[in-house]
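Shown next: input28.cif, containing mmCIF, C-alpha atoms.
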```
data_coords
#
loop_
_atom_site.label_atom_id
_atom_site.label_comp_id
_atom_site.auth_asym_id
_atom_site.auth_seq_id
_atom_site.Cartn_x
_atom_site.Cartn_y
_atom_site.Cartn_z
CA MET A 292 -88.97 109.46 -87.86
CA LYS A 293 -86.41 111.22 -85.77
CA GLY A 294 -86.18 109.78 -82.21
CA LYS A 295 -84.46 111.30 -79.22
CA ARG A 296 -80.80 110.33 -79.01
CA TYR A 297 -79.97 109.10 -75.48
CA ILE A 298 -76.30 108.46 -76.15
CA SER A 299 -74.39 110.95 -78.26
CA ARG A 300 -72.52 109.84 -81.36
CA GLU A 301 -69.22 110.56 -79.57
CA ALA A 302 -70.25 108.34 -76.67
CA GLN A 303 -71.22 105.60 -79.11
CA ARG A 304 -67.75 105.77 -80.69
CA ARG A 305 -66.07 105.66 -77.28
CA LEU A 306 -68.24 102.71 -76.19
CA LEU A 307 -67.27 100.91 -79.37
CA LEU A 308 -63.64 101.55 -78.54
CA LEU A 309 -64.11 100.16 -75.02
CA ALA A 310 -66.40 97.32 -76.14
CA PRO A 311 -63.73 94.56 -76.08
CA LEU A 312 -62.81 95.37 -72.46
CA ILE A 313 -66.39 95.85 -71.29
CA THR A 314 -67.44 92.60 -72.98
CA LEU A 315 -64.54 90.76 -71.38
CA PHE A 316 -65.49 91.97 -67.87
CA PHE A 317 -69.12 91.15 -68.52
CA LEU A 318 -68.25 87.61 -69.65
CA ILE A 319 -66.04 87.10 -66.59
CA LEU A 320 -68.91 88.14 -64.31
CA LEU A 321 -71.36 86.00 -66.25
CA ASP A 322 -69.06 82.98 -65.88
CA ALA A 323 -68.77 83.62 -62.13
CA PHE A 324 -72.54 83.23 -61.77
CA ILE A 325 -73.15 80.55 -64.41
CA ALA A 326 -70.67 78.17 -62.71
CA PRO A 327 -72.68 77.75 -59.46
CA TYR A 328 -75.93 77.60 -61.43
CA LEU A 329 -74.63 74.72 -63.55
CA GLU A 330 -73.30 73.05 -60.43
CA SER A 331 -76.74 73.28 -58.83
CA LEU A 332 -78.03 71.37 -61.88
CA ARG A 333 -75.30 68.78 -61.17
CA LEU A 334 -73.79 69.29 -64.61
CA PRO A 335 -70.10 68.29 -64.75
CA VAL A 336 -69.45 71.09 -67.26
CA SER A 337 -69.67 73.52 -64.31
CA GLN A 338 -66.10 72.52 -63.45
CA SER A 339 -64.89 74.01 -66.73
CA PHE A 340 -66.53 77.31 -65.83
CA TYR A 341 -64.73 77.29 -62.47
CA GLU A 342 -61.43 76.28 -64.09
CA PHE A 343 -61.72 79.08 -66.65
CA LEU A 344 -61.55 81.72 -63.90
CA LYS A 345 -59.03 79.83 -61.76
CA PRO A 346 -56.02 81.81 -63.12
CA LEU A 347 -57.74 85.05 -62.06
CA CYS A 348 -58.86 84.15 -58.54
CA HIS A 349 -58.08 81.70 -55.72
CA GLN A 350 -61.81 80.77 -55.53
CA MET A 351 -61.62 79.81 -51.83
CA PRO A 352 -65.24 78.80 -51.21
CA THR A 353 -65.54 80.48 -47.80
CA ARG A 354 -64.38 83.77 -49.32
CA CYS A 355 -66.92 83.65 -52.14
CA LEU A 356 -70.56 84.66 -52.28
CA TRP A 357 -72.94 81.70 -52.33
CA ILE A 358 -75.70 81.53 -54.86
CA PHE A 359 -77.73 78.58 -56.22
CA GLY A 360 -76.30 76.46 -53.39
CA SER A 361 -72.65 76.88 -54.37
CA ASN A 362 -69.89 79.45 -54.44
CA THR A 363 -69.43 81.92 -57.26
CA ALA A 364 -66.40 81.31 -59.48
CA LEU A 365 -64.81 84.54 -58.22
CA CYS A 366 -64.19 85.48 -54.59
CA SER A 367 -66.09 88.43 -53.11
CA ARG A 368 -63.19 90.83 -53.69
CA CYS A 369 -62.65 89.84 -57.33
CA LEU A 370 -66.39 89.97 -57.95
CA GLY A 371 -66.39 93.54 -56.62
CA ILE A 372 -63.38 94.45 -58.73
CA PHE A 373 -64.81 93.13 -62.01
CA PHE A 374 -68.27 94.56 -61.35
CA ALA A 375 -66.78 97.99 -60.63
CA LEU A 376 -64.55 97.73 -63.71
CA LEU A 377 -67.59 96.98 -65.85
CA ILE A 378 -69.55 99.93 -64.45
CA THR A 379 -66.55 102.28 -64.64
CA GLY A 380 -65.94 101.21 -68.24
CA LEU A 381 -69.53 102.03 -69.17
CA TYR A 382 -69.30 105.35 -67.31
CA PHE A 383 -66.16 106.47 -69.13
CA GLY A 384 -67.62 105.19 -72.38
CA ILE A 385 -70.63 107.45 -71.97
CA LYS A 386 -69.05 110.42 -70.24
CA GLY A 387 -65.55 110.40 -71.68
CA ALA A 388 -62.36 111.36 -69.87
CA ASP A 389 -60.04 114.33 -70.06
CA ARG A 390 -57.29 112.98 -67.77
CA VAL A 391 -56.10 109.93 -65.83
CA TYR A 392 -57.33 110.03 -62.22
CA TRP A 393 -54.24 108.41 -60.74
CA LYS A 394 -54.56 109.98 -57.26
CA MET A 395 -58.08 108.63 -56.93
CA ALA A 396 -56.83 105.26 -58.24
CA VAL A 397 -54.20 105.04 -55.50
CA LEU A 398 -56.62 106.13 -52.76
CA LEU A 399 -59.36 103.71 -53.80
CA ASN A 400 -56.96 100.77 -53.93
CA LEU A 401 -55.64 101.37 -50.41
CA PRO A 402 -58.56 99.77 -48.50
CA ALA A 403 -58.24 96.52 -50.49
CA LEU A 404 -54.48 96.50 -49.98
CA ILE A 405 -54.81 97.07 -46.24
CA ASP A 406 -57.60 94.49 -45.91
CA GLY A 407 -55.72 91.89 -47.97
CA TYR A 408 -52.32 92.46 -46.40
CA THR A 409 -53.49 92.41 -42.76
CA GLN A 410 -55.34 89.18 -43.50
CA LEU A 411 -52.37 87.65 -45.29
CA ARG A 412 -50.16 88.38 -42.29
CA GLY A 413 -52.73 86.80 -39.98
CA TRP A 414 -53.25 89.96 -37.95
CA ARG A 415 -56.99 89.86 -38.46
CA MET A 416 -59.67 88.09 -40.49
CA SER A 417 -61.76 89.89 -43.07
CA ASN A 418 -65.32 89.03 -44.02
CA ASN A 419 -67.14 88.78 -47.33
CA LEU A 420 -68.96 92.12 -46.98
CA LEU A 421 -65.67 93.90 -46.38
CA ARG A 422 -64.00 92.01 -49.25
CA LEU A 423 -66.84 92.96 -51.59
CA GLY A 424 -66.75 96.60 -50.48
CA THR A 425 -62.99 96.98 -50.77
CA GLY A 426 -63.11 95.09 -54.09
CA LEU A 427 -65.68 97.53 -55.46
CA MET A 428 -63.48 100.43 -54.40
CA ALA A 429 -60.38 98.82 -55.92
CA GLY A 430 -62.29 98.15 -59.14
CA VAL A 431 -63.38 101.78 -59.40
CA GLY A 432 -59.79 102.75 -58.58
CA ALA A 433 -58.44 100.55 -61.36
CA GLY A 434 -61.14 101.77 -63.74
CA VAL A 435 -60.51 105.49 -63.24
CA PHE A 436 -56.90 104.82 -64.12
CA LEU A 437 -57.19 102.26 -66.91
CA PHE A 438 -60.09 103.51 -69.01
CA PRO A 439 -59.05 107.17 -69.27
CA LEU A 440 -55.49 106.00 -69.97
CA TYR A 441 -56.77 103.72 -72.73
CA LEU A 442 -59.01 106.40 -74.26
CA LEU A 443 -56.30 109.05 -74.12
CA SER A 444 -53.68 106.70 -75.55
CA VAL A 445 -55.91 105.71 -78.47
CA ALA A 446 -56.72 109.37 -79.13
CA ARG A 447 -53.01 110.27 -79.13
CA LEU A 448 -52.13 107.34 -81.38
CA LYS A 449 -54.82 108.33 -83.84
CA LYS A 450 -53.53 111.90 -83.80
CA LEU A 451 -49.99 110.63 -84.34
CA PHE A 452 -51.03 108.66 -87.40
CA GLY A 453 -53.17 111.51 -88.69
CA MET A 454 -56.46 109.67 -88.25
CA LYS A 455 -59.72 111.27 -87.16
CA ALA A 456 -59.63 111.03 -83.37
CA THR A 457 -62.41 109.54 -81.23
CA PRO A 458 -63.64 112.37 -78.99
CA ILE A 459 -62.38 111.58 -75.50
CA GLU A 460 -64.76 113.91 -73.72
CA ASN A 461 -68.27 115.23 -74.25
CA MET B 21 -80.79 111.77 -68.07
CA ARG B 22 -80.09 112.61 -64.40
CA LYS B 23 -83.14 110.62 -63.36
CA CYS B 24 -81.93 107.64 -65.41
CA ARG B 25 -78.54 107.80 -63.75
CA ALA B 26 -80.07 107.89 -60.27
CA LEU B 27 -82.29 104.93 -61.14
CA PHE B 28 -79.32 103.04 -62.47
CA MET B 29 -77.36 103.63 -59.25
CA VAL B 30 -80.33 102.48 -57.16
CA GLY B 31 -80.46 99.36 -59.32
CA VAL B 32 -76.78 98.64 -58.74
CA VAL B 33 -77.12 99.05 -54.97
CA LEU B 34 -80.27 96.90 -54.88
CA SER B 35 -78.71 94.12 -56.95
CA PHE B 36 -75.76 93.90 -54.56
CA TRP B 37 -78.09 93.93 -51.58
CA ALA B 38 -80.13 91.11 -53.14
CA MET B 39 -76.94 89.17 -53.87
CA TRP B 40 -75.90 89.57 -50.25
CA LEU B 41 -79.28 88.38 -49.00
CA MET B 42 -79.09 85.33 -51.23
CA ASN B 43 -75.75 84.49 -49.70
CA PHE B 44 -77.49 83.98 -46.38
CA SER B 45 -80.76 82.50 -47.46
CA MET B 46 -80.03 80.10 -50.30
CA PRO B 47 -80.09 76.42 -49.29
CA ALA B 48 -76.90 74.44 -49.84
CA SER B 49 -78.58 72.15 -52.30
CA ALA B 50 -81.14 73.05 -54.88
CA ALA B 51 -82.42 69.49 -55.21
CA TYR B 52 -83.69 67.97 -51.99
CA THR B 53 -86.44 65.72 -50.66
CA VAL B 54 -87.81 65.81 -47.15
CA LEU B 55 -89.31 62.58 -45.74
CA ALA B 56 -90.62 62.18 -42.21
CA GLY B 57 -87.61 63.13 -40.07
CA LYS B 58 -85.30 62.35 -42.96
CA VAL B 59 -83.76 64.67 -45.48
CA LYS B 60 -82.16 63.41 -48.65
CA LEU B 61 -78.68 64.74 -49.26
CA THR B 62 -78.33 64.42 -53.01
CA SER B 63 -75.26 63.35 -54.91
CA GLY B 64 -73.23 66.28 -56.17
CA THR B 65 -73.96 68.58 -53.23
CA PRO B 66 -70.80 70.61 -52.50
CA VAL B 67 -69.15 70.25 -49.10
CA ILE B 68 -66.45 72.75 -48.20
CA LEU B 69 -63.61 71.28 -46.16
CA ARG B 70 -60.59 72.84 -44.52
CA LEU B 71 -57.29 71.19 -43.65
CA PRO B 72 -56.57 71.94 -39.95
CA VAL B 73 -52.86 71.01 -40.01
CA SER B 74 -50.34 71.22 -42.80
CA LEU B 75 -49.25 68.20 -44.83
CA ASN B 76 -45.68 67.67 -45.94
CA SER B 77 -44.38 65.22 -48.52
CA ALA B 78 -41.23 64.75 -46.41
CA THR B 79 -43.17 63.15 -43.57
CA ALA B 80 -46.34 61.83 -45.22
CA LYS B 81 -46.59 58.24 -46.40
CA GLN B 82 -48.99 56.59 -48.78
CA GLY B 83 -52.07 55.40 -46.90
CA ASP B 84 -51.72 57.90 -44.05
CA PRO B 85 -55.13 59.04 -42.83
CA VAL B 86 -55.86 62.75 -43.27
CA THR B 87 -58.55 64.60 -41.34
CA PHE B 88 -60.42 67.65 -42.59
CA GLU B 89 -62.99 69.94 -40.96
CA VAL B 90 -66.19 71.14 -42.57
CA ALA B 91 -65.74 74.88 -43.19
CA ARG B 92 -69.33 75.68 -44.03
CA PRO B 93 -72.38 73.75 -42.82
CA VAL B 94 -74.43 71.93 -45.44
CA GLU B 95 -78.05 72.94 -45.09
CA VAL B 96 -81.10 71.68 -46.92
CA GLU B 97 -84.41 73.42 -46.41
CA GLY B 98 -83.01 75.24 -43.39
CA LYS B 99 -81.91 72.00 -41.73
CA VAL B 100 -78.25 71.37 -41.07
CA LEU B 101 -77.27 67.98 -42.50
CA ILE B 102 -73.52 68.33 -42.09
CA ALA B 103 -72.48 70.60 -39.25
CA GLN B 104 -69.64 73.10 -39.32
CA SER B 105 -66.40 71.58 -37.93
CA ALA B 106 -67.69 68.04 -38.59
CA ILE B 107 -64.86 65.65 -39.39
CA ALA B 108 -64.14 64.42 -42.89
CA THR B 109 -61.61 61.72 -43.57
CA GLY B 110 -59.36 60.88 -46.42
CA GLU B 111 -55.98 59.36 -47.06
CA VAL B 112 -52.73 60.14 -48.74
CA SER B 113 -53.12 58.30 -52.04
CA SER B 114 -49.63 58.95 -53.38
CA VAL B 115 -46.39 60.61 -52.39
CA GLU B 116 -43.54 61.18 -54.79
CA LYS B 117 -40.38 62.18 -52.95
CA ARG B 118 -38.25 64.97 -54.33
CA GLY B 119 -35.42 63.72 -56.45
CA ALA B 120 -32.16 64.60 -58.17
CA ILE B 121 -31.97 67.07 -61.07
CA GLY B 122 -34.37 69.39 -59.21
CA GLU B 123 -37.35 67.06 -59.40
CA ALA B 124 -40.11 68.35 -57.13
CA ALA B 125 -42.04 66.25 -54.63
CA LYS B 126 -45.73 65.55 -55.15
CA ILE B 127 -48.47 64.64 -52.73
CA MET B 128 -52.04 63.61 -53.42
CA VAL B 129 -54.89 63.17 -50.97
CA ASN B 130 -58.20 61.45 -51.73
CA LEU B 131 -61.20 62.30 -49.60
CA ARG B 132 -63.50 59.50 -48.55
CA SER B 133 -66.33 60.52 -46.22
CA VAL B 134 -67.74 63.17 -43.94
CA LYS B 135 -69.78 62.71 -40.79
CA ALA B 136 -73.39 63.89 -41.01
CA VAL B 137 -75.43 65.19 -38.05
CA ASP B 138 -76.97 61.74 -37.45
CA GLY B 139 -73.52 60.12 -37.31
CA LYS B 140 -73.74 58.56 -40.78
CA GLU B 141 -70.61 58.57 -42.88
CA VAL B 142 -71.51 60.33 -46.12
CA PRO B 143 -69.26 59.34 -49.03
CA ILE B 144 -67.62 62.27 -50.75
CA ARG B 145 -65.33 62.69 -53.73
CA ALA B 146 -62.48 65.15 -54.04
CA THR B 147 -58.78 65.09 -54.65
CA LEU B 148 -56.24 67.47 -53.25
CA SER B 149 -52.84 67.54 -54.91
CA GLN B 150 -49.81 69.68 -54.36
CA GLU B 151 -46.45 69.87 -56.06
CA GLY B 152 -43.24 71.34 -54.64
CA LYS B 153 -41.01 73.85 -56.37
CA ASN B 154 -39.43 72.51 -59.51
CA LYS B 155 -35.70 73.25 -59.64
CA GLN B 156 -34.80 71.30 -62.78
CA LEU B 157 -33.65 74.35 -64.71
CA THR B 158 -31.39 75.48 -61.84
CA ALA B 159 -29.92 71.97 -61.47
CA ILE B 160 -29.22 71.69 -65.20
CA LEU B 161 -27.65 75.17 -65.37
CA VAL B 162 -25.46 74.49 -62.32
CA GLY B 163 -24.56 71.05 -63.74
CA ILE B 164 -23.50 72.48 -67.09
CA LEU B 165 -21.90 75.74 -65.98
CA LEU B 166 -20.33 74.88 -62.60
CA CYS B 167 -20.13 71.25 -61.67
CA ILE B 168 -21.78 68.05 -62.86
CA LEU B 169 -22.46 67.20 -59.21
CA GLY B 170 -24.99 70.04 -59.19
CA LEU B 171 -27.31 67.78 -61.16
CA PHE B 172 -27.48 65.34 -58.28
CA LEU B 173 -27.10 67.68 -55.33
CA ILE B 174 -29.85 70.14 -56.26
CA LYS B 175 -33.17 68.59 -55.38
CA GLY B 176 -36.65 69.94 -55.98
CA GLY B 177 -38.84 71.42 -53.28
CA GLU B 178 -41.04 69.52 -50.85
CA ALA B 179 -44.78 69.51 -51.51
CA ILE B 180 -46.44 71.30 -48.62
CA VAL B 181 -50.19 71.68 -48.25
CA PRO B 182 -50.57 74.54 -45.76
CA ALA B 183 -53.02 74.43 -42.87
CA GLY B 184 -56.25 76.22 -43.74
CA THR B 185 -56.29 74.98 -47.34
CA GLU B 186 -59.87 74.67 -48.53
CA VAL B 187 -61.15 71.81 -50.65
CA LYS B 188 -64.47 71.59 -52.38
CA ALA B 189 -65.72 68.02 -52.14
CA TYR B 190 -68.95 66.60 -53.53
CA VAL B 191 -71.38 64.12 -51.99
CA ASP B 192 -70.86 60.90 -53.95
CA MET B 193 -74.30 59.29 -53.56
CA ASP B 194 -77.78 60.10 -52.29
CA VAL B 195 -77.98 59.63 -48.51
CA ASP B 196 -80.98 60.01 -46.19
CA ILE B 197 -80.00 61.96 -43.09
CA GLU B 198 -82.06 61.84 -39.88
CA VAL B 199 -82.69 65.34 -38.62
CA ASN B 200 -84.32 66.59 -35.44
CA THR B 201 -87.67 68.09 -36.47
#
```
Transcribe the structure of this file into structure tokens.
Amino acid sequence: MKGKRYISREAQRRLLLLAPLITLFFLILLDAFIAPYLESLRLPVSQSFYEFLKPLCHQMPTRCLWIFGSNTALCSRCLGIFFALLITGLYFGIKGADRVYWKMAVLLNLPALIDGYTQLRGWRMSNNLLRLGTGLMAGVGAGVFLFPLYLLSVARLKKLFGMKATPIEN
Amino acid sequence: MRKCRALFMVGVVLSFWAMWLMNFSMPASAAYTVLAGKVKLTSGTPVILRLPVSLNSATAKQGDPVTFEVARPVEVEGKVLIAQSAIATGEVSSVEKRGAIGEAAKIMVNLRSVKAVDGKEVPIRATLSQEGKNKQLTAILVGILLCILGLFLIKGGEAIVPAGTEVKAYVDMDVDIEVNT
């Protein structure tokens, strides 16, 4: 029986290529939410889940979202960044990319930089909604730079070594 | 395909909205018991504390009391059990002064209790530790390449815990807190 194909074969190959990165971002996000859940169950192992993400994020509790009665293992900004990276990764996996959107990457990272820097200097205080919003923008900004760059680089490397290239665009 | 994409985007927006709502509405502790006028604050409930003034290993001594402020109120079933800005106490449990050959200073603070809304001291557990900048490599390089005195003259950095540092402490035992009903 021949069913309708929702994702083209090219997209499947690109998704496979991006799978390690997408899986990594997904696991990071999963950890961020599992940690407070385990803490709500009063399981000491929750500390390991927090510690695992400690090198990535300061985890200041007042700058994190609260769920299950405790803070997530990533701050609002990092949560936004990783969520946007995951979505952008899936998008470029399905749609493909023909170039690196570096101008968009710079523009989308500016709000997070301004928000973070003005707070660091003590000129003003941000809030979690703003951190999440600027984090999402920064994540999309990083994604539109990283994923196309990765796909294009792999395609060029394959071409260089005379292998059959993964289609980078639909 | 376009419809699927639109639905997906709506899903993303809704999930973030739901996450944001949860941030405001989730109680601070998942496990709680309400008795007549009393609410049980269970062991393991997180309490977020903030250091109002900085701590320095140069001036701190072992046994010095350290005061923290509650950064986020602890609520159970919509009732505040530990108010924001409530005082938590602890003490400097150890101070290691900076030493020769670039050895950095270390400071450690143990938290003891936090004041609940009914005035009870709720025992908490948490440790805050900070280490200064290690300059051992610099001292050794200076000692070998320039002068042996460098080994003794170059000391490590002081351990400074800046004001505003947040600590996540945990309630150490079940405590019944009187609340105004």
- prompt: Would you list which chain A residues are within 10 Å of chain B using all atoms listed in the file, as a list of chain:residue names?
  reply: A:Tyr297, A:Ile298, A:Tyr328, A:Glu330, A:Ser331, A:Leu332, A:Arg333, A:Leu334, A:Pro335, A:Gln350, A:Met351, A:Pro352, A:Thr353, A:Cys355, A:Leu356, A:Trp357, A:Ile358, A:Phe359, A:Gly360, A:Ser361, A:Asn362, A:Gly371, A:Phe374, A:Ile378, A:Asn419, A:Leu420, A:Leu423
field: Point-to-point distance from CA of His349 in chain A to CA of Val100 in chain B, Å rounded to tenths
entry: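 Here the two named atoms are 27.0 Å from each other.
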message: I need the output of the PyMOL selection byres ((chain B and resi 149-154) around 6) for this file as JSON, numbers by chain; which residues are they?
response: {"B": [122, 123, 124, 125, 126, 127, 128, 148, 155, 156, 176, 177, 178, 179]}
Could those selected residues go to a file with C-alpha atoms, as a PDB file, keeping the file's coordinate frame?
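Contents of part.pdb, freshly written:
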```pdb
ATOM      1  CA  GLY B 122     -34.370  69.390 -59.210  1.00  0.00           C
ATOM      2  CA  GLU B 123     -37.350  67.060 -59.400  1.00  0.00           C
ATOM      3  CA  ALA B 124     -40.110  68.350 -57.130  1.00  0.00           C
ATOM      4  CA  ALA B 125     -42.040  66.250 -54.630  1.00  0.00           C
ATOM      5  CA  LYS B 126     -45.730  65.550 -55.150  1.00  0.00           C
ATOM      6  CA  ILE B 127     -48.470  64.640 -52.730  1.00  0.00           C
ATOM      7  CA  MET B 128     -52.040  63.610 -53.420  1.00  0.00           C
ATOM      8  CA  LEU B 148     -56.240  67.470 -53.250  1.00  0.00           C
ATOM      9  CA  LYS B 155     -35.700  73.250 -59.640  1.00  0.00           C
ATOM     10  CA  GLN B 156     -34.800  71.300 -62.780  1.00  0.00           C
ATOM     11  CA  GLY B 176     -36.650  69.940 -55.980  1.00  0.00           C
ATOM     12  CA  GLY B 177     -38.840  71.420 -53.280  1.00  0.00           C
ATOM     13  CA  GLU B 178     -41.040  69.520 -50.850  1.00  0.00           C
ATOM     14  CA  ALA B 179     -44.780  69.510 -51.510  1.00  0.00           C
TER      15      ALA B 179
END
```
- request: To verify the selection step, state as a ChimeraX atom specification which residues the PyMOL selection byres ((chain A and resi 439) around 9) yields on this input.
  value: /A:383,387-392,434-438,440-444,459
So which residues touch range 303-320 of chain A within 7 Å, counting all atoms listed in the file, skipping near sequence neighbours fewer than 6 positions away, as a PDB file with C-alpha atoms, in the frame of the given file?
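The file below, result.pdb, is the result:
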```pdb
ATOM      1  CA  PHE A 373     -64.810  93.130 -62.010  1.00  0.00           C
ATOM      2  CA  LEU A 377     -67.590  96.980 -65.850  1.00  0.00           C
ATOM      3  CA  GLY A 380     -65.940 101.210 -68.240  1.00  0.00           C
ATOM      4  CA  GLY A 384     -67.620 105.190 -72.380  1.00  0.00           C
ATOM      5  CA  ILE A 385     -70.630 107.450 -71.970  1.00  0.00           C
ATOM      6  CA  THR A 457     -62.410 109.540 -81.230  1.00  0.00           C
TER       7      THR A 457
END
```
message: For this structure, which residues satisfy the selection - the PyMOL selection byres ((chain B and resi 184) around 9) - when it is evaluated on the file as given? I want them as a PyMOL selection string.
response: chain B and resi 70-74+181-183+185-186
- request: Point out the residue among B:Val86, B:Leu61, B:Leu131, B:Leu161 with the least atom-to-atom distance to Ile144 in chain B, counting only C-alpha atoms.
  value: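 Checking each candidate against Ile144 in chain B, we get B:Leu131 as the closest.
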query: Which residues, written as a ChimeraX atom specification, have at least one atom at most 9 Å from Leu401 in chain A, with only C-alpha atoms counted and residues fewer than 4 positions away on the same chain left out?
result: /A:396-397,405-406,425,428-429
- line: Here CA of Ala78 in chain B and CA of Gly163 in chain B stand apart by 24.9 Å
- prompt: Out of B:Asp192, B:Asp84, B:Glu89, B:Glu198, which residue has the shortest atom-to-atom distance to Glu111 in chain B when counting only C-alpha atoms?
  reply: B:Asp84
- request: Work out how far CA of Gly110 in chain B is from CA of Arg132 in chain B, in Å to one decimal.
  value: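 These atoms are spaced 4.9 Å apart.
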Show me, as a PDB file with C-alpha atoms, in the coordinates of the input, the residues that have an atom within 7 Å of Pro93 in chain B when counting only C-alpha atoms, minus same-chain residues fewer than 4 positions from it.
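For reference, out_37.pdb as written:
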```
ATOM      1  CA  VAL B 100     -78.250  71.370 -41.070  1.00  0.00           C
ATOM      2  CA  ILE B 102     -73.520  68.330 -42.090  1.00  0.00           C
ATOM      3  CA  ALA B 103     -72.480  70.600 -39.250  1.00  0.00           C
ATOM      4  CA  GLN B 104     -69.640  73.100 -39.320  1.00  0.00           C
TER       5      GLN B 104
END
```
- prompt: Taking into account only C-alpha atoms, which residue in the set A:Ala403, A:Thr363, A:Leu329, A:Leu347 is nearest to Ser417 in chain A?
  reply: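 For Ser417 in chain A, the nearest of the candidates is A:Ala403.
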field: Nearest candidate to Ile168 in chain B (options B:Val137, B:Tyr190, B:Ala120, B:Gly83; using only C-alpha atoms)
entry: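 Nearest to Ile168 in chain B: B:Ala120.
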- request: For Val199 in chain B, please output as a list in words all residues within 9 Å (counting all atoms listed in the file; exclusion window: fewer than 4 positions along the same chain).
  value: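 With the cut-off at 9 Å, the set is Gly57, Lys58, Val59, Lys99, Val100, Leu101, Val137 and Asp138 of chain B.
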For N, CA and C atoms, please extract range 385-402 of chain A from the block and return it as a short mmCIF file (atom, residue, chain, number, x, y, z; two decimals), in the first residue's frame.
```cif
data_model
loop_
_atom_site.label_atom_id
_atom_site.label_comp_id
_atom_site.auth_asym_id
_atom_site.auth_seq_id
_atom_site.Cartn_x
_atom_site.Cartn_y
_atom_site.Cartn_z
N ILE A 385 13.64 20.03 7.62
CA ILE A 385 12.53 19.78 6.71
C ILE A 385 12.64 20.64 5.44
N LYS A 386 12.94 21.90 5.65
CA LYS A 386 12.91 22.84 4.51
C LYS A 386 14.23 22.92 3.74
N GLY A 387 15.33 22.67 4.42
CA GLY A 387 16.63 22.82 3.78
C GLY A 387 17.09 24.27 3.80
N ALA A 388 18.32 24.49 3.37
CA ALA A 388 18.85 25.86 3.37
C ALA A 388 19.75 26.05 2.16
N ASP A 389 19.68 27.26 1.58
CA ASP A 389 20.53 27.51 0.42
C ASP A 389 21.67 28.47 0.76
N ARG A 390 21.57 29.11 1.94
CA ARG A 390 22.63 30.04 2.36
C ARG A 390 22.60 30.22 3.87
N VAL A 391 23.63 30.86 4.39
CA VAL A 391 23.70 31.15 5.83
C VAL A 391 23.10 32.54 6.05
N TYR A 392 22.12 32.63 6.94
CA TYR A 392 21.42 33.90 7.17
C TYR A 392 22.15 34.69 8.26
N TRP A 393 23.35 35.16 7.98
CA TRP A 393 24.14 35.77 9.04
C TRP A 393 23.62 37.14 9.47
N LYS A 394 23.02 37.89 8.53
CA LYS A 394 22.46 39.20 8.91
C LYS A 394 21.32 39.03 9.89
N MET A 395 20.46 38.07 9.60
CA MET A 395 19.34 37.79 10.49
C MET A 395 19.86 37.30 11.85
N ALA A 396 20.94 36.50 11.80
CA ALA A 396 21.53 35.99 13.04
C ALA A 396 22.01 37.13 13.93
N VAL A 397 22.68 38.10 13.34
CA VAL A 397 23.18 39.24 14.11
C VAL A 397 22.02 40.04 14.69
N LEU A 398 21.03 40.33 13.84
CA LEU A 398 19.87 41.13 14.28
C LEU A 398 19.10 40.46 15.42
N LEU A 399 18.89 39.15 15.28
CA LEU A 399 18.09 38.44 16.28
C LEU A 399 18.83 38.26 17.61
N ASN A 400 20.16 38.35 17.57
CA ASN A 400 20.92 38.21 18.81
C ASN A 400 21.05 39.54 19.56
N LEU A 401 20.79 40.64 18.86
CA LEU A 401 20.94 41.96 19.50
C LEU A 401 20.06 42.17 20.74
N PRO A 402 18.75 41.84 20.68
CA PRO A 402 17.93 42.06 21.88
C PRO A 402 18.46 41.36 23.13
#
```
